[in-house]
Structures are given as C-alpha cells and as structure tokens.
Amino acid sequence: MAEDINTGLDKDSYSKDEVMAMLQSETDKRVTEALKKADRKTQDKIKEAEKLAKMNEEEKFQYQLQEKEKTLADREKQIALMENKNEAVKILSEKKLPVEVIDFLVADDADKTMKNINLFEKVFAAAVKERIPSNTPKGTNTPEGGINKEAFSKMTAKQMQELYQTDRNLFEQLAK
C-alpha cells in the first residue's frame with residue numbers, strides 16, 4: 001500500500017496538502033472497490049431472484065433443495081476439517097512436534113493428514129539431526145535430559161517439582 005502511494009514520487013517529505021491528496025485518492029479507490037463489490041453482490045441476488053421467478057413450484061423446490069445440500073456439504077467439509085485439525089494437534093503434541101505448522105499439514109481427509117504429519121516428522125527429524133553435529137561433546141554424568149547431578153543440586157524446590165512432573169525417571173536418577 002505504501003509502495004502504491006509513493007509510486008512516481010521521489011521525495012522524502014510531503015506537504016500537508018500532498019499527504020491529504022494521497023490519502024483522499026487511496027480512500028476514493030477503496031470506496032469505489034467496495035461499491036463495485038456490493039453492486040456485484042446485488043446483481044447476483046437480482047439474477048437469483050429472476051431465475052427463481054421464472055421457475056415453477058417444482059423447479060423452485062428442487063433448486064432450493066440443491067442450494068441447501070450445497071450449504072450442508074460445505075458445513076460438513078468445514079466440520080471434517082476442524083476434526084482433522086484437532087486430531088492433528090493431538091498427534092503432533094504426542095510426537096513432540098511443533099503445533100504451529102498445523103495449517104500446512106491438515107488436509108480434507110484423515111489419511112492425507114496422517115501422511116503429511118509422517119512426512120513432516122521425517123523431514124523435521126532429519127533437519128534437527130543435521131543441525132546438531134554428531135560430535136557434540138557429552139557432559140560428564142549428564143543423563144538424557146541435559147541436567148547433571150551438580151545442576152540438580154542447585155535447583156530450587158519448585159524447579160525440582162517441575163522436573164518431577166515432567167520427567168519422573170530423570171528426577172529419580174538425579175535424586176539418588
């Protein structure tokens with residue numbers, strides 16, 4: 001939008017009148033677009049009414065039935081998509097994958113969504129493995145969780161409680 005306003009103008013500063021003129025021009029353009037869109041919608045409704053007026057009762061009934069079926073099918077599709085999205089969130093959480101990519105993974109059907117999740121899991125794991133060098137030195141006496149006994153002994157009671165709740169096995173290893 002800012003690029004549109006500055007097109008052809010190579011100034012660093014503008015007078016108040018120039019700014020007002022640019023704003024008015026942009027406002028006029030947006031209002032015109034909105035009016036055209038509203039006019040198209042109105043024209044569509046008029047055509048729909050004319051179409052219905054030309055139909056007999058049986059045709060009207062069939063037409064309205066088709067429209068309701070289309071609406072119902074669209075709603076069912078939206079519901080299925082939401083259900084797939086909710087299920088995908090659960091699966092990603094269980095697999096400890098980032099949920100933020102959910103919109104890229106969810107498809108219209110559950111099988112396609114699962115294929116997308118599985119593919120993402122493979123790609124994500126490969127990317128993580130590539131970014132973490134295999135020669136990363138292991139800390140002495142450091143269990144899987146990355147906390148050693150020395151770090152554990154310096155933890156507050158609240159931190160220990162959180163560790164106990166999130167990884168009981170690690171807590172028990174360090175508490176020995």
# chains A, B, ... in the order shown; residues from 1 in each chain; ligands from 1
call {"tool": "residues_around", "arguments": {"residues": "Glu83 of chain A", "least_positions_apart": "6", "cutoff": "12 Å", "atoms": "only C-alpha atoms", "output": "list in words"}}
result
Glu76, Lys77, Val89, Lys90, Val106, Ala107, Asp108, Asp109, Ala110 and Thr113 of chain A
call {"tool": "write_last_selection", "arguments": {"atoms": "C-alpha atoms", "output": "PDB file, in the first residue's frame"}}
result
ATOM      1  CA  GLU A  76     -19.772 -30.910   6.758  1.00  0.00           C
ATOM      2  CA  LYS A  77     -16.477 -30.236   4.984  1.00  0.00           C
ATOM      3  CA  VAL A  89      -2.809 -31.197  17.044  1.00  0.00           C
ATOM      4  CA  LYS A  90      -3.058 -34.197  19.389  1.00  0.00           C
ATOM      5  CA  VAL A 106      -4.114 -30.655   7.736  1.00  0.00           C
ATOM      6  CA  ALA A 107      -5.920 -31.942   4.640  1.00  0.00           C
ATOM      7  CA  ASP A 108      -9.539 -32.668   3.774  1.00  0.00           C
ATOM      8  CA  ASP A 109      -9.296 -36.302   4.813  1.00  0.00           C
ATOM      9  CA  ALA A 110      -7.642 -38.003   7.777  1.00  0.00           C
ATOM     10  CA  THR A 113      -3.375 -35.508   7.067  1.00  0.00           C
TER      11      THR A 113
END
call {"tool": "select_by_dssp", "arguments": {"residues": "chain A", "states": "helix (DSSP H, G or I)", "output": "PyMOL selection string"}}
result
chain A and resi 2-6+16-54+57-94+99-105+110-131+149-153+157-166+168-175
call {"tool": "write_last_selection", "arguments": {"atoms": "C-alpha atoms", "output": "short mmCIF file (atom, residue, chain, number, x, y, z; two decimals), in the first residue's frame"}}
result
data_model
loop_
_atom_site.label_atom_id
_atom_site.label_comp_id
_atom_site.auth_asym_id
_atom_site.auth_seq_id
_atom_site.Cartn_x
_atom_site.Cartn_y
_atom_site.Cartn_z
CA ALA A 2 2.75 2.43 0.90
CA GLU A 3 4.51 1.48 -2.32
CA ASP A 4 1.36 2.36 -4.28
CA ILE A 5 1.21 5.79 -2.70
CA ASN A 6 4.89 6.54 -3.31
CA LYS A 16 0.22 18.51 4.32
CA ASP A 17 -1.80 19.05 1.13
CA GLU A 18 0.11 16.33 -0.71
CA VAL A 19 -0.47 13.85 2.11
CA MET A 20 -4.15 14.74 2.24
CA ALA A 21 -4.42 14.32 -1.55
CA MET A 22 -2.74 10.90 -1.38
CA LEU A 23 -5.00 9.80 1.47
CA GLN A 24 -8.09 11.04 -0.37
CA SER A 25 -7.01 9.21 -3.53
CA GLU A 26 -6.47 5.97 -1.62
CA THR A 27 -9.79 6.38 0.20
CA ASP A 28 -11.62 7.03 -3.06
CA LYS A 29 -10.07 3.93 -4.60
CA ARG A 30 -11.08 1.71 -1.68
CA VAL A 31 -14.62 3.11 -1.53
CA THR A 32 -15.02 2.54 -5.28
CA GLU A 33 -13.82 -1.06 -4.91
CA ALA A 34 -16.24 -1.67 -2.04
CA LEU A 35 -19.13 -0.17 -4.02
CA LYS A 36 -18.31 -2.34 -7.03
CA LYS A 37 -18.21 -5.43 -4.82
CA ALA A 38 -21.55 -4.55 -3.23
CA ASP A 39 -23.02 -3.89 -6.69
CA ARG A 40 -21.84 -7.31 -7.90
CA LYS A 41 -23.48 -8.95 -4.89
CA THR A 42 -26.69 -7.04 -5.53
CA GLN A 43 -26.65 -8.02 -9.20
CA ASP A 44 -26.12 -11.67 -8.22
CA LYS A 45 -29.11 -11.50 -5.89
CA ILE A 46 -31.25 -9.90 -8.62
CA LYS A 47 -30.26 -12.61 -11.10
CA GLU A 48 -31.07 -15.24 -8.47
CA ALA A 49 -34.50 -13.69 -7.88
CA GLU A 50 -35.20 -13.50 -11.62
CA LYS A 51 -34.14 -17.12 -12.01
CA LEU A 52 -36.48 -18.16 -9.20
CA ALA A 53 -39.32 -16.08 -10.66
CA LYS A 54 -39.10 -17.96 -13.96
CA GLU A 57 -43.04 -24.57 -7.90
CA GLU A 58 -41.36 -27.94 -8.54
CA GLU A 59 -38.27 -26.31 -10.06
CA LYS A 60 -38.07 -23.84 -7.17
CA PHE A 61 -38.30 -26.67 -4.68
CA GLN A 62 -35.55 -28.64 -6.50
CA TYR A 63 -33.36 -25.56 -6.76
CA GLN A 64 -33.74 -24.67 -3.09
CA LEU A 65 -33.07 -28.28 -2.15
CA GLN A 66 -29.85 -28.23 -4.18
CA GLU A 67 -28.76 -25.00 -2.53
CA LYS A 68 -29.41 -26.43 0.93
CA GLU A 69 -27.48 -29.58 0.02
CA LYS A 70 -24.53 -27.45 -1.13
CA THR A 71 -24.64 -25.48 2.12
CA LEU A 72 -24.83 -28.66 4.16
CA ALA A 73 -21.94 -30.22 2.23
CA ASP A 74 -19.82 -27.11 2.83
CA ARG A 75 -20.56 -27.20 6.56
CA GLU A 76 -19.77 -30.91 6.76
CA LYS A 77 -16.48 -30.24 4.98
CA GLN A 78 -15.65 -27.47 7.48
CA ILE A 79 -16.50 -29.74 10.42
CA ALA A 80 -14.38 -32.56 9.00
CA LEU A 81 -11.51 -30.12 8.52
CA MET A 82 -11.82 -28.91 12.13
CA GLU A 83 -11.89 -32.51 13.39
CA ASN A 84 -8.80 -33.34 11.31
CA LYS A 85 -7.09 -30.26 12.70
CA ASN A 86 -7.91 -31.18 16.31
CA GLU A 87 -6.70 -34.75 15.78
CA ALA A 88 -3.54 -33.49 14.09
CA VAL A 89 -2.81 -31.20 17.04
CA LYS A 90 -3.06 -34.20 19.39
CA ILE A 91 -0.77 -36.28 17.19
CA LEU A 92 1.81 -33.51 16.83
CA SER A 93 1.78 -32.96 20.58
CA GLU A 94 2.25 -36.67 21.25
CA VAL A 99 1.99 -27.43 16.54
CA GLU A 100 2.50 -24.07 14.80
CA VAL A 101 2.77 -25.83 11.40
CA ILE A 102 -0.69 -27.39 11.73
CA ASP A 103 -2.21 -25.39 8.87
CA PHE A 104 0.38 -26.79 6.46
CA LEU A 105 -0.33 -30.39 7.46
CA ALA A 110 -7.64 -38.00 7.78
CA ASP A 111 -5.41 -40.30 5.68
CA LYS A 112 -3.85 -37.40 3.80
CA THR A 113 -3.38 -35.51 7.07
CA MET A 114 -1.56 -38.51 8.60
CA LYS A 115 0.67 -38.82 5.52
CA ASN A 116 1.51 -35.13 5.81
CA ILE A 117 2.32 -35.48 9.53
CA ASN A 118 4.50 -38.53 8.95
CA LEU A 119 6.36 -36.80 6.14
CA PHE A 120 6.82 -33.69 8.29
CA GLU A 121 8.10 -35.81 11.18
CA LYS A 122 10.76 -37.41 8.94
CA VAL A 123 11.83 -34.07 7.46
CA PHE A 124 11.83 -32.35 10.84
CA ALA A 125 13.90 -35.11 12.46
CA ALA A 126 16.39 -35.02 9.58
CA ALA A 127 16.68 -31.23 9.84
CA VAL A 128 17.24 -31.40 13.59
CA LYS A 129 19.80 -34.16 13.19
CA GLU A 130 21.60 -32.13 10.52
CA ARG A 131 21.72 -29.03 12.72
CA LYS A 149 23.77 -34.01 39.47
CA GLU A 150 25.56 -30.74 40.11
CA ALA A 151 22.88 -28.73 38.28
CA PHE A 152 20.20 -30.77 40.03
CA SER A 153 21.64 -29.96 43.46
CA ALA A 157 12.32 -26.86 45.17
CA LYS A 158 9.90 -25.55 42.53
CA GLN A 159 12.29 -26.47 39.71
CA MET A 160 12.71 -29.94 41.19
CA GLN A 161 8.94 -30.31 41.42
CA GLU A 162 8.57 -29.30 37.76
CA LEU A 163 11.25 -31.80 36.76
CA TYR A 164 9.46 -34.48 38.78
CA GLN A 165 6.19 -33.73 36.99
CA THR A 166 7.69 -33.56 33.50
CA ARG A 168 9.95 -38.56 36.74
CA ASN A 169 12.65 -41.04 35.58
CA LEU A 170 15.25 -38.30 35.21
CA PHE A 171 14.30 -36.87 38.60
CA GLU A 172 14.72 -40.28 40.24
CA GLN A 173 18.10 -40.79 38.54
CA LEU A 174 19.39 -37.47 39.79
CA ALA A 175 17.90 -37.78 43.28
#
